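Let me begin by presenting the structure, written as structure tokens, before commenting on it.
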Amino acid sequence: MKLRRCFAPRQLLFLVAGLIATGARPAFSQETITLANGQTQEVTILGVTPSGIRVRMGNAEMVEPFSNVAQVSMPAPPEFEAAQAAYEKGDVQTALTNATAVVQNYRGLPSEWAQEAMLMVGDIYVSMNQLSQAEVAYKDFQSAYPSAGGADASVGLARIDIANGDYAAAKAKIDPITAQALKLRNPPKAAAALIGRAFLVSGEIKEQSGDLPGALEDYLRTAAVFPEDSLAAATAQQRADALRKAHGTIVP
């Protein structure tokens, strides 16, 4: 897109500052949707409705049905980054507030961060021992992303099993994912993030059963081999360090 007016650096600085102050997004924000026919359109994404994605094209606003959208390119909103940062620091209430805001505004958006926000809500509820809310969140994820949500939600539901002390049920959900993961080479980022979460849960199961070397191996797989989910990787590293410190555990 060609600019019709040239701004001096100082003028441009004030322009951007004004947009930030008023909550407006610059017209040159890089947001696109790719339709099912392969056509890519530059848009401003306004949010979602139960049936599709609200976008602005020029001066016109419309809802593009989810079924007609193959891919979305949009930077994660600040609430998502705030949720991640708060969760990593252990501030679960702030994390929940921000992650919930992302889900409310972008539920069903075909982007990795929108999916991660929904899973984060479930994970936060598990960490708060609010298991019924966690189950609702994971099942809502399955409903919002039916083509991709099965395995991801299974990992979350396995965490609920662990919280309930049902390690056998958790193992049944996790083992197929980790077994398949060990056969893959260079999985895509989204699959790698899922695999990292699965090995974290697998490590917890093995640690509870007394298989500390196996648990350490799984934690390190999450932290070093499949670190795409930064929250899972950080948790796995903490658990690995704790095993080494408390038991001198080494990988077999």
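Ordered as shown in the structure tokens, chains take letters A, B, and onward, while each chain numbers its residues from 1 and ligands are numbered from 1 in the order shown.
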- Task: Would you please extract all strand (DSSP E or B) residues from stretch 3-242 of chain A, as assigned by DSSP on the backbone, and give them as a PyMOL selection string?
- Result: chain A and resi 32-35+40-42+44-48+52-57+60-65+69-73
- Got a sec to tell me which of stretch 7-224 of chain A DSSP assigns to alpha helix (DSSP H), as a PyMOL selection string? chain A and resi 9-22+78-88+92-106+112-127+131-144+149-163+167-181+189-209+212-220
Taking C-alpha atoms for each residue, export the selection above as a CSV table (one decimal), in the first residue's frame.
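selection_5.csv, written as the output of this step:
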chain,number,residue,atom,x,y,z
A,9,PRO,CA,10.1,11.1,11.8
A,10,ARG,CA,8.8,13.3,14.5
A,11,GLN,CA,5.4,13.6,12.9
A,12,LEU,CA,5.2,9.8,12.5
A,13,LEU,CA,6.1,9.3,16.1
A,14,PHE,CA,3.2,11.6,17.2
A,15,LEU,CA,0.9,9.8,14.8
A,16,VAL,CA,1.6,6.4,16.2
A,17,ALA,CA,1.4,7.7,19.8
A,18,GLY,CA,-2.0,9.2,19.1
A,19,LEU,CA,-3.2,5.9,17.7
A,20,ILE,CA,-2.0,4.0,20.8
A,21,ALA,CA,-3.5,6.6,23.1
A,22,THR,CA,-6.9,6.4,21.5
A,78,PRO,CA,-1.7,-7.8,24.5
A,79,GLU,CA,-4.1,-9.7,26.8
A,80,PHE,CA,-2.6,-13.0,25.6
A,81,GLU,CA,0.9,-12.0,26.3
A,82,ALA,CA,-0.2,-10.6,29.7
A,83,ALA,CA,-1.8,-13.9,30.5
A,84,GLN,CA,1.3,-15.9,29.6
A,85,ALA,CA,3.5,-13.6,31.7
A,86,ALA,CA,1.2,-13.7,34.7
A,87,TYR,CA,0.9,-17.5,34.5
A,88,GLU,CA,4.6,-18.0,34.3
A,92,VAL,CA,-3.1,-17.2,38.2
A,93,GLN,CA,-5.9,-14.8,38.8
A,94,THR,CA,-4.4,-12.1,36.5
A,95,ALA,CA,-3.6,-14.9,34.0
A,96,LEU,CA,-7.2,-16.1,34.1
A,97,THR,CA,-8.6,-12.6,33.6
A,98,ASN,CA,-6.5,-12.0,30.6
A,99,ALA,CA,-6.9,-15.4,29.0
A,100,THR,CA,-10.7,-15.3,29.5
A,101,ALA,CA,-10.8,-11.9,27.7
A,102,VAL,CA,-9.0,-13.4,24.7
A,103,VAL,CA,-11.4,-16.3,24.6
A,104,GLN,CA,-14.4,-14.0,24.8
A,105,ASN,CA,-13.2,-11.9,21.9
A,106,TYR,CA,-11.6,-14.5,19.7
A,112,GLU,CA,-2.4,-20.7,17.5
A,113,TRP,CA,-2.6,-18.1,20.2
A,114,ALA,CA,-6.4,-18.2,20.3
A,115,GLN,CA,-6.3,-21.9,20.8
A,116,GLU,CA,-3.5,-21.6,23.4
A,117,ALA,CA,-5.6,-19.1,25.3
A,118,MET,CA,-8.5,-21.5,25.5
A,119,LEU,CA,-6.3,-24.3,26.7
A,120,MET,CA,-4.6,-21.9,29.2
A,121,VAL,CA,-8.0,-21.2,30.8
A,122,GLY,CA,-8.4,-25.0,31.4
A,123,ASP,CA,-4.9,-25.3,32.7
A,124,ILE,CA,-5.4,-22.4,35.1
A,125,TYR,CA,-8.6,-23.9,36.5
A,126,VAL,CA,-6.7,-27.2,37.1
A,127,SER,CA,-3.9,-25.3,38.9
A,131,LEU,CA,-11.8,-29.1,38.1
A,132,SER,CA,-15.4,-28.8,37.0
A,133,GLN,CA,-14.6,-25.4,35.4
A,134,ALA,CA,-11.5,-26.9,33.8
A,135,GLU,CA,-13.5,-29.7,32.2
A,136,VAL,CA,-15.9,-27.2,30.8
A,137,ALA,CA,-13.1,-25.2,29.4
A,138,TYR,CA,-11.4,-28.2,27.7
A,139,LYS,CA,-14.7,-29.4,26.3
A,140,ASP,CA,-15.5,-25.9,25.0
A,141,PHE,CA,-12.1,-26.0,23.3
A,142,GLN,CA,-13.1,-29.3,21.6
A,143,SER,CA,-16.3,-27.6,20.4
A,144,ALA,CA,-14.6,-24.5,19.1
A,149,GLY,CA,-9.1,-30.1,19.5
A,150,GLY,CA,-9.3,-33.8,20.3
A,151,ALA,CA,-5.7,-34.6,21.3
A,152,ASP,CA,-5.1,-31.1,22.8
A,153,ALA,CA,-8.2,-31.5,25.0
A,154,SER,CA,-7.2,-35.0,25.9
A,155,VAL,CA,-4.0,-33.7,27.5
A,156,GLY,CA,-6.0,-31.2,29.5
A,157,LEU,CA,-8.5,-33.8,30.6
A,158,ALA,CA,-5.6,-36.1,31.6
A,159,ARG,CA,-4.5,-33.3,33.9
A,160,ILE,CA,-7.9,-33.4,35.6
A,161,ASP,CA,-7.5,-37.2,36.0
A,162,ILE,CA,-4.2,-36.6,37.8
A,163,ALA,CA,-5.7,-34.0,40.0
A,167,TYR,CA,-3.4,-41.9,37.0
A,168,ALA,CA,-4.6,-44.9,35.0
A,169,ALA,CA,-7.2,-42.8,33.2
A,170,ALA,CA,-4.6,-40.1,32.6
A,171,LYS,CA,-2.1,-42.6,31.2
A,172,ALA,CA,-4.7,-44.1,28.8
A,173,LYS,CA,-5.3,-40.6,27.4
A,174,ILE,CA,-1.6,-39.7,27.1
A,175,ASP,CA,0.2,-42.9,26.0
A,176,PRO,CA,-1.2,-42.8,22.4
A,177,ILE,CA,0.0,-39.2,21.9
A,178,THR,CA,3.5,-39.8,23.3
A,179,ALA,CA,3.9,-43.1,21.4
A,180,GLN,CA,3.0,-41.5,18.1
A,181,ALA,CA,5.2,-38.5,18.9
A,189,LYS,CA,4.9,-26.2,15.6
A,190,ALA,CA,1.3,-26.7,16.7
A,191,ALA,CA,1.9,-30.5,16.9
A,192,ALA,CA,5.2,-30.0,18.7
A,193,ALA,CA,3.4,-27.8,21.3
A,194,LEU,CA,0.9,-30.5,21.9
A,195,ILE,CA,3.6,-33.1,22.2
A,196,GLY,CA,5.4,-31.0,24.8
A,197,ARG,CA,2.3,-30.8,26.9
A,198,ALA,CA,1.8,-34.5,26.6
A,199,PHE,CA,5.3,-35.4,27.8
A,200,LEU,CA,4.9,-33.1,30.7
A,201,VAL,CA,1.8,-35.0,31.8
A,202,SER,CA,3.6,-38.3,31.1
A,203,GLY,CA,6.4,-37.2,33.3
A,204,GLU,CA,4.0,-36.4,36.2
A,205,ILE,CA,2.5,-39.9,35.8
A,206,LYS,CA,5.9,-41.6,35.9
A,207,GLU,CA,7.0,-39.5,38.8
A,208,GLN,CA,4.0,-40.6,40.8
A,209,SER,CA,4.6,-44.3,40.0
A,212,LEU,CA,12.0,-41.0,38.4
A,213,PRO,CA,14.5,-41.5,35.5
A,214,GLY,CA,11.6,-41.9,33.1
A,215,ALA,CA,9.9,-38.8,34.5
A,216,LEU,CA,13.1,-36.8,34.1
A,217,GLU,CA,13.4,-38.0,30.5
A,218,ASP,CA,9.9,-36.9,29.7
A,219,TYR,CA,10.3,-33.5,31.5
A,220,LEU,CA,13.5,-32.9,29.5
- Hey, which of A:Ala60, A:Gln71, A:Pro227, A:Ala234 ends up closest to A:Gln39? Count only C-alpha atoms.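 Of A:Ala60, A:Gln71, A:Pro227, A:Ala234, the one nearest A:Gln39, counting only C-alpha atoms, is A:Gln71.
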- Mind pulling up the distance from atom CA of A:Ala223 to atom CA of A:Gln237?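 If I compute the distance from atom CA of A:Gln237 to atom CA of A:Ala223, I get 5.5 Å.
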- Query: What is the distance between atom CA of A:Gln30 and atom CA of A:Ala233, in Å to one decimal?
  - Reply: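 These atoms are spaced 29.0 Å apart.
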